[in-house]
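**Student:** For reference, the structure I am asking about is given below.
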Amino acid sequence: MFNTLEPQQPDALLAVMAAYAADTNPDKVDLGVGVYRNSAGVTPVMTAVRKAEQRLLDGQLTKAYVGAGGNRAFAAFIEELTLGVNHPARAAGRVVTLQTPGGCGGVRLAADLIHRASHGARVLVSEPTWPNHRPLVTGAGLVVDAYPYYDPATGTLGFDEMLDALARLPAGHVVLLQASCHNPTGQDLTPAQWLTLADVLERQQLLPLLDLAYQGLGDGLDADAAPVRLLAARLPEVLIAVSCSKNFGLYRERVGAVIAVARDTVQAGLVMNHLQILARRMYSMPPDHGAAIVASIAADPVLKAEWLVELEAMRVRVGTIRSGLAAALRGEFGSGRFDFIEGQRGMFSLLGLPPAAVAALASEHHVYIAGDSRINVAGLPETRIERVARAIRAVCR
Ligand code: LMR
């Protein structure tokens with residue numbers, strides 16, 4: 001049977017990870033996959049996470065199944081973190097949350113739900129978007145199109161073009177939006193643009209599927225979730241995929257959730273019922289450990305305060321690296337060509353380099369970035385900023 005399989009290209013980003021791992025040069029720099037690194041170049045286990053983990057180890061009495069919806073304390077905390085404590089949709093009982101394996105699991109389950117509930121709905125993603133969005137959505141049997149979003153030549157958002165495209169969509173289509181820290185561009189909508197977008201979504205009766213993967217790493221926990229809160233207050237139906245990979249540093253534990261805002265309590269119950277059935281047929285139940293860590297931090301004011309302080313320090317540091325890299329590139333190029341890096345948010349920016357320059361960065365300078373010339377700013381230790389800026393200058397000659 002297996003002889004019918006055609007060879008496939010490996011995932012491009014995972015291929016960058018592998019190429020970096022295979023490079024024996026001690027001076028190599030990994031700006032590929034999106035993980036936060038501290039000044040020592042290490043992706044740390046956050047202090048609150050380590051303490052919560054120790055408590056789990058000491059106090060957990062069983063490894064029996066948690067249940068179809070996952071950890072309910074985790075789900076309640078994630079709802080609160082995402083929508084805020086007093087969101088009207090929550091107060092009205094219109095919100096349900098299911099724990100998923102990572103934010104990817106959240107996007108995939110949301111797509112499965114859309115496939116089940118709709119007849120012929122298309123999902124539109126930004127151009128560009130995180131490369132795994134398309135496979136996650138098409139894997140659920142849905143058709144994906146794109147809406148214009150970003151001009152890599154100028155490093156700016158094409159908001160008018162985006163609105164034009166969305167304003168032409170028929171009712172019932174789904175718009176995948178990144179709430180903050182857009183991957184791969186780092187270019188977010190302003191609060192005023194989100195308001196305008198909310199008008200268009202409402203008028204056209206479009207369903208937003210919000211991906212919230214970097215909450216706390218842009219402008220702060222509340223500011224980064226503000227677009228989600230706005231749309232959940234304005235629209236009858238919203239889907240949200242949440243990831244704890246970055247803001248809790250729980251990448252390999254696969255901790256996430258799908259949140260659904262429905263028209264009323266009855267439909268919310270129906271959605272939860274379907275989400276659980278969809279999860280059961282795909283992976284049965286979510287893994288426990290990471291969600292239990294998050295729930296344990298949420299339940300302890302001291303651990304929660306420690307987590308908030310560490311997350312805020314990470315956020316501020318990413319901003320400092322952005323400024324440092326923009327300044328170093330200004331020095332190398334003698335121009336403000338890369339100044340956009342400083343104004344953007346979150347882990348990523350797109351350098352706008354051609355593929356040959358990206359390849360030369362790796363082969364000649366041992367600096368690894370994604371094929372679309374996305375750099376993981378949050379993975380760049382301060383001590384390597386000048387070296388990376390010189391390498392970028394060299395491949396642009
Ligand atoms: C990234 O974009 O680098 C991260 O979200 C990791 C991944 O799975 O692609």
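Ordered as shown in the structure tokens, chains take letters A, B, and onward, while each chain numbers its residues from 1 and ligands are numbered from 1 in the order shown.
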Please tabulate, as a Markdown table, the residues of chain A that come within 7 Å of ligand 1, each with its closest pair of atoms and the distance in Å to one decimal, counting only C-alpha atoms and all ligand atoms and ordering rows by chain, then residue number upward.

**Tutor:**
| residue | atom | partner | partner_atom_place_in_ligand_line | distance |
| --- | --- | --- | --- | --- |
| A:Leu13 | CA | ligand 1 | 9 (O) | 6.3 |
| A:Gly32 | CA | ligand 1 | 3 (O) | 6.5 |
| A:Val33 | CA | ligand 1 | 3 (O) | 3.6 |
| A:Gly34 | CA | ligand 1 | 3 (O) | 3.4 |
| A:Val35 | CA | ligand 1 | 3 (O) | 6.8 |
| A:Trp130 | CA | ligand 1 | 2 (O) | 6.1 |
| A:Asn132 | CA | ligand 1 | 9 (O) | 6.7 |
| A:Asn183 | CA | ligand 1 | 2 (O) | 6.5 |

**Student:** Keeping all heavy atoms, export the residues of the selection given above as a compact mmCIF listing (two decimals), in the first residue's frame.

**Tutor:**
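Listing of out_5.txt after writing:
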# COMPACT_ATOMS: atom_id res chain seq x y z
N LEU A 13 9.42 25.28 8.01
CA LEU A 13 9.96 25.83 9.26
C LEU A 13 10.68 24.74 10.07
O LEU A 13 11.74 24.96 10.64
CB LEU A 13 8.82 26.43 10.08
CG LEU A 13 9.21 27.45 11.12
CD1 LEU A 13 10.03 28.59 10.52
CD2 LEU A 13 7.97 27.99 11.80
N GLY A 32 14.83 31.05 13.42
CA GLY A 32 13.79 30.37 12.66
C GLY A 32 12.52 30.18 13.48
O GLY A 32 11.69 31.09 13.58
N VAL A 33 12.39 29.02 14.09
CA VAL A 33 11.12 28.70 14.77
C VAL A 33 10.87 29.68 15.91
O VAL A 33 11.80 30.16 16.56
CB VAL A 33 11.14 27.22 15.26
CG1 VAL A 33 12.02 27.04 16.48
CG2 VAL A 33 9.71 26.75 15.55
N GLY A 34 9.58 29.97 16.14
CA GLY A 34 9.21 31.00 17.11
C GLY A 34 9.24 30.53 18.55
O GLY A 34 8.23 30.10 19.09
N VAL A 35 10.42 30.64 19.16
CA VAL A 35 10.51 30.42 20.60
C VAL A 35 11.23 31.62 21.21
O VAL A 35 12.14 32.18 20.60
CB VAL A 35 11.26 29.11 20.98
CG1 VAL A 35 10.50 27.89 20.53
CG2 VAL A 35 12.67 29.11 20.41
N TRP A 130 0.76 32.68 8.95
CA TRP A 130 1.58 31.58 9.45
C TRP A 130 1.35 30.36 8.55
O TRP A 130 0.20 29.99 8.29
CB TRP A 130 1.15 31.28 10.89
CG TRP A 130 1.84 30.13 11.54
CD1 TRP A 130 3.18 29.91 11.61
CD2 TRP A 130 1.21 29.05 12.22
NE1 TRP A 130 3.43 28.75 12.30
CE2 TRP A 130 2.23 28.20 12.69
CE3 TRP A 130 -0.12 28.71 12.49
CZ2 TRP A 130 1.99 27.05 13.40
CZ3 TRP A 130 -0.37 27.56 13.20
CH2 TRP A 130 0.67 26.74 13.65
N ASN A 132 1.26 27.28 8.70
CA ASN A 132 0.47 26.12 9.10
C ASN A 132 -1.04 26.40 9.14
O ASN A 132 -1.83 25.47 9.32
CB ASN A 132 0.96 25.60 10.47
CG ASN A 132 0.74 24.11 10.62
OD1 ASN A 132 0.71 23.36 9.64
ND2 ASN A 132 0.57 23.65 11.85
N ASN A 183 1.83 36.86 12.92
CA ASN A 183 2.86 35.93 12.45
C ASN A 183 2.61 35.69 10.96
O ASN A 183 1.53 35.20 10.61
CB ASN A 183 2.74 34.62 13.24
CG ASN A 183 3.78 33.59 12.87
OD1 ASN A 183 4.62 33.82 12.02
ND2 ASN A 183 3.71 32.43 13.50

**Student:** Tell me, as JSON, numbers by chain, which residues lie within 12 Å of Gln344 (chain A), counting only C-alpha atoms; anything in the same chain fewer than 2 positions away does not count.

**Tutor:** {"A": [155, 156, 157, 180, 181, 182, 183, 184, 185, 186, 187, 188, 189, 190, 217, 218, 219, 318, 319, 320, 321, 322, 323, 326, 338, 339, 340, 341, 342, 346, 347, 348, 349, 350, 351, 377]}

**Student:** Generate the output file for the selected residues, C-alpha atoms, as a short mmCIF file (atom, residue, chain, number, x, y, z; two decimals), in the first residue's frame.

**Tutor:**
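Generated output (selection.cif):
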data_model
loop_
_atom_site.label_atom_id
_atom_site.label_comp_id
_atom_site.auth_asym_id
_atom_site.auth_seq_id
_atom_site.Cartn_x
_atom_site.Cartn_y
_atom_site.Cartn_z
CA GLY A 155 6.76 46.99 5.70
CA THR A 156 3.24 48.35 6.09
CA LEU A 157 -0.30 47.06 6.54
CA SER A 180 -2.05 40.46 18.08
CA CYS A 181 1.64 39.97 17.22
CA HIS A 182 0.83 38.92 13.66
CA ASN A 183 2.86 35.93 12.45
CA PRO A 184 4.90 36.36 10.23
CA THR A 185 4.73 40.16 9.77
CA GLY A 186 4.63 41.60 13.32
CA GLN A 187 2.20 44.15 11.88
CA ASP A 188 -1.06 44.50 13.81
CA LEU A 189 -4.20 46.54 13.25
CA THR A 190 -4.59 49.65 15.41
CA LEU A 217 4.06 39.56 24.21
CA GLY A 218 2.79 42.56 22.24
CA ASP A 219 1.34 45.45 24.24
CA VAL A 318 11.46 41.75 23.00
CA GLY A 319 10.75 45.47 22.50
CA THR A 320 14.34 46.30 23.45
CA ILE A 321 15.70 43.74 20.99
CA ARG A 322 13.47 45.21 18.27
CA SER A 323 14.90 48.69 18.92
CA ALA A 326 16.56 48.34 14.01
CA PHE A 338 14.41 48.24 8.47
CA ASP A 339 12.97 50.78 10.90
CA PHE A 340 9.61 48.99 10.68
CA ILE A 341 11.07 46.27 12.96
CA GLU A 342 11.00 48.72 15.86
CA GLY A 346 5.50 40.28 19.06
CA MET A 347 8.07 37.72 18.06
CA PHE A 348 8.30 38.16 14.30
CA SER A 349 9.12 40.56 11.48
CA LEU A 350 9.53 39.96 7.77
CA LEU A 351 12.82 41.29 6.42
CA VAL A 377 13.18 38.69 16.99
#

**Student:** Excluding Ala241 (chain A) and any residue of its chain fewer than 6 positions from it, enumerate the residues within 10 Å of it, using only C-alpha atoms, and give them as a PDB file with all heavy atoms, in the first residue's frame.

**Tutor:**
ATOM      1  N   THR A  97     -15.705  26.682  26.278  1.00  0.00           N
ATOM      2  CA  THR A  97     -14.264  26.510  26.036  1.00  0.00           C
ATOM      3  C   THR A  97     -13.866  25.052  26.196  1.00  0.00           C
ATOM      4  O   THR A  97     -14.249  24.397  27.166  1.00  0.00           O
ATOM      5  CB  THR A  97     -13.464  27.376  27.039  1.00  0.00           C
ATOM      6  OG1 THR A  97     -13.804  28.741  26.818  1.00  0.00           O
ATOM      7  CG2 THR A  97     -11.962  27.211  26.848  1.00  0.00           C
ATOM      8  N   LEU A  98     -13.107  24.583  25.255  1.00  0.00           N
ATOM      9  CA  LEU A  98     -12.607  23.203  25.290  1.00  0.00           C
ATOM     10  C   LEU A  98     -11.084  23.235  25.243  1.00  0.00           C
ATOM     11  O   LEU A  98     -10.502  23.904  24.385  1.00  0.00           O
ATOM     12  CB  LEU A  98     -13.127  22.448  24.055  1.00  0.00           C
ATOM     13  CG  LEU A  98     -12.840  20.964  24.027  1.00  0.00           C
ATOM     14  CD1 LEU A  98     -13.988  20.195  24.683  1.00  0.00           C
ATOM     15  CD2 LEU A  98     -12.669  20.464  22.598  1.00  0.00           C
ATOM     16  N   GLN A  99     -10.452  22.529  26.157  1.00  0.00           N
ATOM     17  CA  GLN A  99      -8.987  22.425  26.143  1.00  0.00           C
ATOM     18  C   GLN A  99      -8.539  21.639  24.910  1.00  0.00           C
ATOM     19  O   GLN A  99      -9.161  20.636  24.557  1.00  0.00           O
ATOM     20  CB  GLN A  99      -8.528  21.713  27.413  1.00  0.00           C
ATOM     21  CG  GLN A  99      -7.022  21.620  27.573  1.00  0.00           C
ATOM     22  CD  GLN A  99      -6.651  20.621  28.638  1.00  0.00           C
ATOM     23  OE1 GLN A  99      -7.359  20.476  29.653  1.00  0.00           O
ATOM     24  NE2 GLN A  99      -5.557  19.912  28.425  1.00  0.00           N
ATOM     25  N   THR A 100      -7.485  22.107  24.255  1.00  0.00           N
ATOM     26  CA  THR A 100      -7.014  21.429  23.037  1.00  0.00           C
ATOM     27  C   THR A 100      -5.501  21.183  23.118  1.00  0.00           C
ATOM     28  O   THR A 100      -4.810  21.850  23.887  1.00  0.00           O
ATOM     29  CB  THR A 100      -7.273  22.291  21.779  1.00  0.00           C
ATOM     30  OG1 THR A 100      -6.638  23.565  21.957  1.00  0.00           O
ATOM     31  CG2 THR A 100      -8.758  22.490  21.537  1.00  0.00           C
ATOM     32  N   GLY A 102      -2.489  22.317  22.215  1.00  0.00           N
ATOM     33  CA  GLY A 102      -1.873  23.510  21.640  1.00  0.00           C
ATOM     34  C   GLY A 102      -2.880  24.399  20.920  1.00  0.00           C
ATOM     35  O   GLY A 102      -4.060  24.062  20.764  1.00  0.00           O
ATOM     36  N   GLY A 103      -2.383  25.549  20.465  1.00  0.00           N
ATOM     37  CA  GLY A 103      -3.214  26.453  19.670  1.00  0.00           C
ATOM     38  C   GLY A 103      -3.574  25.838  18.326  1.00  0.00           C
ATOM     39  O   GLY A 103      -4.648  26.084  17.768  1.00  0.00           O
ATOM     40  N   CYS A 104      -2.661  24.998  17.796  1.00  0.00           N
ATOM     41  CA  CYS A 104      -2.947  24.283  16.534  1.00  0.00           C
ATOM     42  C   CYS A 104      -4.196  23.430  16.685  1.00  0.00           C
ATOM     43  O   CYS A 104      -5.056  23.385  15.806  1.00  0.00           O
ATOM     44  CB  CYS A 104      -1.796  23.354  16.162  1.00  0.00           C
ATOM     45  SG  CYS A 104      -0.409  24.169  15.420  1.00  0.00           S
ATOM     46  N   GLY A 105      -4.290  22.732  17.824  1.00  0.00           N
ATOM     47  CA  GLY A 105      -5.468  21.916  18.090  1.00  0.00           C
ATOM     48  C   GLY A 105      -6.717  22.786  18.112  1.00  0.00           C
ATOM     49  O   GLY A 105      -7.788  22.360  17.650  1.00  0.00           O
ATOM     50  N   GLY A 106      -6.580  24.003  18.638  1.00  0.00           N
ATOM     51  CA  GLY A 106      -7.709  24.927  18.682  1.00  0.00           C
ATOM     52  C   GLY A 106      -8.149  25.353  17.294  1.00  0.00           C
ATOM     53  O   GLY A 106      -9.347  25.364  16.973  1.00  0.00           O
ATOM     54  N   VAL A 107      -7.181  25.686  16.432  1.00  0.00           N
ATOM     55  CA  VAL A 107      -7.517  26.098  15.060  1.00  0.00           C
ATOM     56  C   VAL A 107      -8.163  24.928  14.319  1.00  0.00           C
ATOM     57  O   VAL A 107      -9.177  25.083  13.625  1.00  0.00           O
ATOM     58  CB  VAL A 107      -6.253  26.585  14.291  1.00  0.00           C
ATOM     59  CG1 VAL A 107      -6.581  26.868  12.839  1.00  0.00           C
ATOM     60  CG2 VAL A 107      -5.663  27.824  14.947  1.00  0.00           C
ATOM     61  N   ARG A 108      -7.582  23.739  14.504  1.00  0.00           N
ATOM     62  CA  ARG A 108      -8.097  22.583  13.772  1.00  0.00           C
ATOM     63  C   ARG A 108      -9.525  22.214  14.213  1.00  0.00           C
ATOM     64  O   ARG A 108     -10.391  21.925  13.383  1.00  0.00           O
ATOM     65  CB  ARG A 108      -7.145  21.401  13.953  1.00  0.00           C
ATOM     66  CG  ARG A 108      -7.654  20.087  13.397  1.00  0.00           C
ATOM     67  CD  ARG A 108      -7.951  20.194  11.891  1.00  0.00           C
ATOM     68  NE  ARG A 108      -8.768  19.093  11.456  1.00  0.00           N
ATOM     69  CZ  ARG A 108      -8.316  18.012  10.806  1.00  0.00           C
ATOM     70  NH1 ARG A 108      -7.057  17.929  10.479  1.00  0.00           N
ATOM     71  NH2 ARG A 108      -9.121  17.049  10.465  1.00  0.00           N
ATOM     72  N   LEU A 109      -9.766  22.257  15.535  1.00  0.00           N
ATOM     73  CA  LEU A 109     -11.113  21.927  16.007  1.00  0.00           C
ATOM     74  C   LEU A 109     -12.127  22.981  15.562  1.00  0.00           C
ATOM     75  O   LEU A 109     -13.259  22.651  15.201  1.00  0.00           O
ATOM     76  CB  LEU A 109     -11.135  21.829  17.525  1.00  0.00           C
ATOM     77  CG  LEU A 109     -10.957  20.453  18.121  1.00  0.00           C
ATOM     78  CD1 LEU A 109     -11.265  20.484  19.606  1.00  0.00           C
ATOM     79  CD2 LEU A 109     -11.839  19.405  17.451  1.00  0.00           C
ATOM     80  N   ALA A 110     -11.698  24.252  15.567  1.00  0.00           N
ATOM     81  CA  ALA A 110     -12.582  25.322  15.075  1.00  0.00           C
ATOM     82  C   ALA A 110     -12.927  25.059  13.617  1.00  0.00           C
ATOM     83  O   ALA A 110     -14.087  25.181  13.198  1.00  0.00           O
ATOM     84  CB  ALA A 110     -11.906  26.682  15.239  1.00  0.00           C
ATOM     85  N   GLN A 178      -5.452  37.262  13.195  1.00  0.00           N
ATOM     86  CA  GLN A 178      -4.546  37.104  14.333  1.00  0.00           C
ATOM     87  C   GLN A 178      -4.763  38.305  15.251  1.00  0.00           C
ATOM     88  O   GLN A 178      -4.611  39.452  14.824  1.00  0.00           O
ATOM     89  CB  GLN A 178      -3.115  36.998  13.851  1.00  0.00           C
ATOM     90  CG  GLN A 178      -2.903  35.757  12.995  1.00  0.00           C
ATOM     91  CD  GLN A 178      -1.450  35.543  12.624  1.00  0.00           C
ATOM     92  OE1 GLN A 178      -0.556  35.688  13.443  1.00  0.00           O
ATOM     93  NE2 GLN A 178      -1.210  35.183  11.370  1.00  0.00           N
ATOM     94  N   LEU A 209     -12.564  33.908  12.981  1.00  0.00           N
ATOM     95  CA  LEU A 209     -11.831  32.861  13.706  1.00  0.00           C
ATOM     96  C   LEU A 209     -10.530  33.526  14.144  1.00  0.00           C
ATOM     97  O   LEU A 209      -9.659  33.814  13.318  1.00  0.00           O
ATOM     98  CB  LEU A 209     -11.574  31.662  12.788  1.00  0.00           C
ATOM     99  CG  LEU A 209     -10.521  30.636  13.231  1.00  0.00           C
ATOM    100  CD1 LEU A 209     -10.746  30.146  14.647  1.00  0.00           C
ATOM    101  CD2 LEU A 209     -10.482  29.446  12.270  1.00  0.00           C
ATOM    102  N   LEU A 210     -10.438  33.831  15.432  1.00  0.00           N
ATOM    103  CA  LEU A 210      -9.286  34.585  15.938  1.00  0.00           C
ATOM    104  C   LEU A 210      -8.226  33.639  16.476  1.00  0.00           C
ATOM    105  O   LEU A 210      -8.531  32.751  17.274  1.00  0.00           O
ATOM    106  CB  LEU A 210      -9.744  35.531  17.050  1.00  0.00           C
ATOM    107  CG  LEU A 210     -10.538  36.736  16.545  1.00  0.00           C
ATOM    108  CD1 LEU A 210     -11.640  37.108  17.511  1.00  0.00           C
ATOM    109  CD2 LEU A 210      -9.624  37.916  16.303  1.00  0.00           C
ATOM    110  N   ASP A 211      -7.005  33.839  16.048  1.00  0.00           N
ATOM    111  CA  ASP A 211      -5.889  33.065  16.568  1.00  0.00           C
ATOM    112  C   ASP A 211      -5.149  33.955  17.567  1.00  0.00           C
ATOM    113  O   ASP A 211      -4.642  35.014  17.202  1.00  0.00           O
ATOM    114  CB  ASP A 211      -4.966  32.651  15.411  1.00  0.00           C
ATOM    115  CG  ASP A 211      -3.965  31.593  15.843  1.00  0.00           C
ATOM    116  OD1 ASP A 211      -3.932  31.255  17.038  1.00  0.00           O
ATOM    117  OD2 ASP A 211      -3.204  31.110  14.984  1.00  0.00           O
ATOM    118  N   LEU A 212      -5.133  33.527  18.825  1.00  0.00           N
ATOM    119  CA  LEU A 212      -4.497  34.313  19.893  1.00  0.00           C
ATOM    120  C   LEU A 212      -3.338  33.486  20.449  1.00  0.00           C
ATOM    121  O   LEU A 212      -3.507  32.721  21.387  1.00  0.00           O
ATOM    122  CB  LEU A 212      -5.530  34.625  20.983  1.00  0.00           C
ATOM    123  CG  LEU A 212      -5.075  35.494  22.158  1.00  0.00           C
ATOM    124  CD1 LEU A 212      -4.724  36.904  21.709  1.00  0.00           C
ATOM    125  CD2 LEU A 212      -6.159  35.560  23.233  1.00  0.00           C
ATOM    126  N   ALA A 213      -2.180  33.631  19.820  1.00  0.00           N
ATOM    127  CA  ALA A 213      -1.052  32.749  20.157  1.00  0.00           C
ATOM    128  C   ALA A 213       0.040  33.459  20.959  1.00  0.00           C
ATOM    129  O   ALA A 213       0.940  32.804  21.472  1.00  0.00           O
ATOM    130  CB  ALA A 213      -0.451  32.167  18.881  1.00  0.00           C
ATOM    131  N   GLY A 256      -3.494  24.472  24.878  1.00  0.00           N
ATOM    132  CA  GLY A 256      -4.292  25.474  24.175  1.00  0.00           C
ATOM    133  C   GLY A 256      -5.767  25.235  24.407  1.00  0.00           C
ATOM    134  O   GLY A 256      -6.166  24.384  25.222  1.00  0.00           O
ATOM    135  N   ALA A 257      -6.570  26.011  23.698  1.00  0.00           N
ATOM    136  CA  ALA A 257      -8.022  25.898  23.870  1.00  0.00           C
ATOM    137  C   ALA A 257      -8.725  26.444  22.637  1.00  0.00           C
ATOM    138  O   ALA A 257      -8.158  27.242  21.884  1.00  0.00           O
ATOM    139  CB  ALA A 257      -8.472  26.689  25.102  1.00  0.00           C
ATOM    140  N   VAL A 258      -9.964  25.980  22.449  1.00  0.00           N
ATOM    141  CA  VAL A 258     -10.842  26.646  21.488  1.00  0.00           C
ATOM    142  C   VAL A 258     -12.006  27.216  22.288  1.00  0.00           C
ATOM    143  O   VAL A 258     -12.596  26.523  23.127  1.00  0.00           O
ATOM    144  CB  VAL A 258     -11.302  25.688  20.353  1.00  0.00           C
ATOM    145  CG1 VAL A 258     -12.049  24.481  20.867  1.00  0.00           C
ATOM    146  CG2 VAL A 258     -12.158  26.441  19.341  1.00  0.00           C
ATOM    147  N   ILE A 259     -12.248  28.496  22.056  1.00  0.00           N
ATOM    148  CA  ILE A 259     -13.359  29.184  22.727  1.00  0.00           C
ATOM    149  C   ILE A 259     -14.387  29.505  21.652  1.00  0.00           C
ATOM    150  O   ILE A 259     -14.029  29.993  20.575  1.00  0.00           O
ATOM    151  CB  ILE A 259     -12.884  30.499  23.383  1.00  0.00           C
ATOM    152  CG1 ILE A 259     -11.778  30.239  24.405  1.00  0.00           C
ATOM    153  CG2 ILE A 259     -14.056  31.240  24.033  1.00  0.00           C
ATOM    154  CD1 ILE A 259     -11.186  31.510  25.021  1.00  0.00           C
ATOM    155  N   ALA A 260     -15.661  29.219  21.954  1.00  0.00           N
ATOM    156  CA  ALA A 260     -16.719  29.585  21.006  1.00  0.00           C
ATOM    157  C   ALA A 260     -17.690  30.532  21.689  1.00  0.00           C
ATOM    158  O   ALA A 260     -18.120  30.284  22.822  1.00  0.00           O
ATOM    159  CB  ALA A 260     -17.454  28.341  20.520  1.00  0.00           C
TER     160      ALA A 260
END

**Student:** For Asp264 (chain A), which residue out of A:His87, A:Ile369, A:Ala92, A:Tyr147 is the nearest one, using only C-alpha atoms?

**Tutor:**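 Of A:His87, A:Ile369, A:Ala92, A:Tyr147, the one nearest Asp264 (chain A), counting only C-alpha atoms, is A:Ala92.
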
**Student:** From region 157-333 of chain A, collect each residue whose DSSP state is helix (DSSP H, G or I) and return the set as a PyMOL selection string.

**Tutor:** chain A and resi 159-167+191-204+221-234+251-253+265-282+289-299+301-333

**Student:** Take the residues from that selection and put them in a file with C-alpha atoms, as a compact mmCIF listing (two decimals), in the first residue's frame.

**Tutor:**
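Saved the output as out_5.txt:
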# COMPACT_ATOMS: atom_id res chain seq x y z
CA PHE A 159 -5.69 47.96 5.57
CA ASP A 160 -7.81 49.50 2.80
CA GLU A 161 -7.13 46.56 0.49
CA MET A 162 -7.98 44.17 3.31
CA LEU A 163 -11.30 45.90 4.00
CA ASP A 164 -12.17 46.03 0.30
CA ALA A 165 -11.68 42.27 -0.02
CA LEU A 166 -13.67 41.46 3.12
CA ALA A 167 -16.49 43.84 2.18
CA PRO A 191 -7.53 49.77 17.87
CA ALA A 192 -9.33 52.15 15.47
CA GLN A 193 -8.79 49.72 12.57
CA TRP A 194 -10.24 46.87 14.65
CA LEU A 195 -13.37 48.98 15.18
CA THR A 196 -13.71 49.55 11.44
CA LEU A 197 -13.10 45.87 10.78
CA ALA A 198 -15.77 44.94 13.35
CA ASP A 199 -18.25 47.07 11.36
CA VAL A 200 -17.43 45.21 8.15
CA LEU A 201 -17.64 41.77 9.78
CA GLU A 202 -20.99 42.69 11.32
CA ARG A 203 -22.43 44.17 8.12
CA GLN A 204 -21.27 41.27 5.93
CA LEU A 221 -2.19 40.77 28.28
CA ASP A 222 -5.30 42.98 28.13
CA ALA A 223 -4.25 45.07 25.14
CA ASP A 224 -3.35 41.96 23.11
CA ALA A 225 -6.76 40.42 23.79
CA ALA A 226 -8.70 43.65 23.17
CA PRO A 227 -9.61 42.74 19.54
CA VAL A 228 -11.06 39.41 20.73
CA ARG A 229 -13.10 41.15 23.43
CA LEU A 230 -14.36 43.72 20.95
CA LEU A 231 -15.49 41.18 18.36
CA ALA A 232 -17.02 38.89 21.01
CA ALA A 233 -19.07 41.84 22.25
CA ARG A 234 -20.19 42.99 18.80
CA TYR A 251 5.70 24.84 23.88
CA ARG A 252 6.29 21.09 24.06
CA GLU A 253 3.45 20.43 26.49
CA THR A 265 -26.93 29.51 25.79
CA VAL A 266 -28.67 26.72 23.88
CA GLN A 267 -26.43 27.09 20.83
CA ALA A 268 -23.36 27.37 23.09
CA GLY A 269 -24.27 23.99 24.59
CA LEU A 270 -24.71 22.54 21.13
CA VAL A 271 -21.30 23.82 20.06
CA MET A 272 -19.64 22.28 23.12
CA ASN A 273 -21.38 19.00 22.44
CA HIS A 274 -20.03 18.95 18.86
CA LEU A 275 -16.54 20.10 19.83
CA GLN A 276 -16.25 17.21 22.28
CA ILE A 277 -17.39 14.70 19.67
CA LEU A 278 -14.98 16.16 17.09
CA ALA A 279 -12.11 15.96 19.58
CA ARG A 280 -13.02 12.40 20.56
CA ARG A 281 -12.84 11.14 17.00
CA MET A 282 -9.48 12.85 16.41
CA HIS A 289 0.18 18.11 32.28
CA GLY A 290 0.52 21.57 30.68
CA ALA A 291 -3.07 22.60 31.35
CA ALA A 292 -2.72 21.42 34.97
CA ILE A 293 0.35 23.67 35.32
CA VAL A 294 -1.57 26.69 34.00
CA ALA A 295 -4.55 25.94 36.26
CA SER A 296 -2.27 25.59 39.25
CA ILE A 297 -0.61 28.97 38.53
CA ALA A 298 -4.04 30.57 38.07
CA ALA A 299 -5.25 29.22 41.41
CA PRO A 301 -2.03 34.40 43.70
CA VAL A 302 1.69 34.21 44.47
CA LEU A 303 2.52 32.00 41.48
CA LYS A 304 0.24 34.06 39.27
CA ALA A 305 2.00 37.27 40.28
CA GLU A 306 5.39 35.64 39.55
CA TRP A 307 4.17 34.54 36.12
CA LEU A 308 2.87 38.02 35.31
CA VAL A 309 6.17 39.65 36.27
CA GLU A 310 8.22 37.22 34.19
CA LEU A 311 5.93 37.52 31.18
CA GLU A 312 6.07 41.31 31.35
CA ALA A 313 9.88 41.19 31.50
CA MET A 314 9.88 39.00 28.37
CA ARG A 315 7.57 41.40 26.59
CA VAL A 316 9.67 44.45 27.45
CA ARG A 317 12.86 42.64 26.43
CA VAL A 318 11.46 41.75 23.00
CA GLY A 319 10.75 45.47 22.50
CA THR A 320 14.34 46.30 23.45
CA ILE A 321 15.70 43.74 20.99
CA ARG A 322 13.47 45.21 18.27
CA SER A 323 14.90 48.69 18.92
CA GLY A 324 18.45 47.32 19.11
CA LEU A 325 18.18 45.41 15.84
CA ALA A 326 16.56 48.34 14.01
CA ALA A 327 19.38 50.62 15.26
CA ALA A 328 22.09 48.13 14.26
CA LEU A 329 20.57 47.77 10.78
CA ARG A 330 20.32 51.56 10.48
CA GLY A 331 24.04 51.67 11.23
CA GLU A 332 24.89 48.97 8.68
CA PHE A 333 22.69 50.27 5.87

**Student:** Closest to Pro88 (chain A) among A:Gln60, A:Gly352, A:Ala394, A:Val261, using only C-alpha atoms?

**Tutor:**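 Closest residue, counting only C-alpha atoms: A:Val261.
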
**Student:** Based on DSSP run over this structure's backbone, return all residues of region 358-391 of chain A in strand (DSSP E), as JSON, numbers by chain.

**Tutor:** {"A": [367, 368, 369, 374, 375, 376]}

**Student:** Could you check which of A:Arg263, A:Arg393, A:Lys28, A:His173 is closest to Val367 (chain A), using only C-alpha atoms?

**Tutor:**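 Checking each candidate against Val367 (chain A), we get A:Lys28 as the closest.
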
**Student:** With only C-alpha atoms as the counted atoms, please give the residues lying no more than 7 Å from Leu31 (chain A), apart from itself and same-chain residues fewer than 3 positions off, as an MDAnalysis selection string.

**Tutor:** chainID A and resid 368:369 375:377 379:380
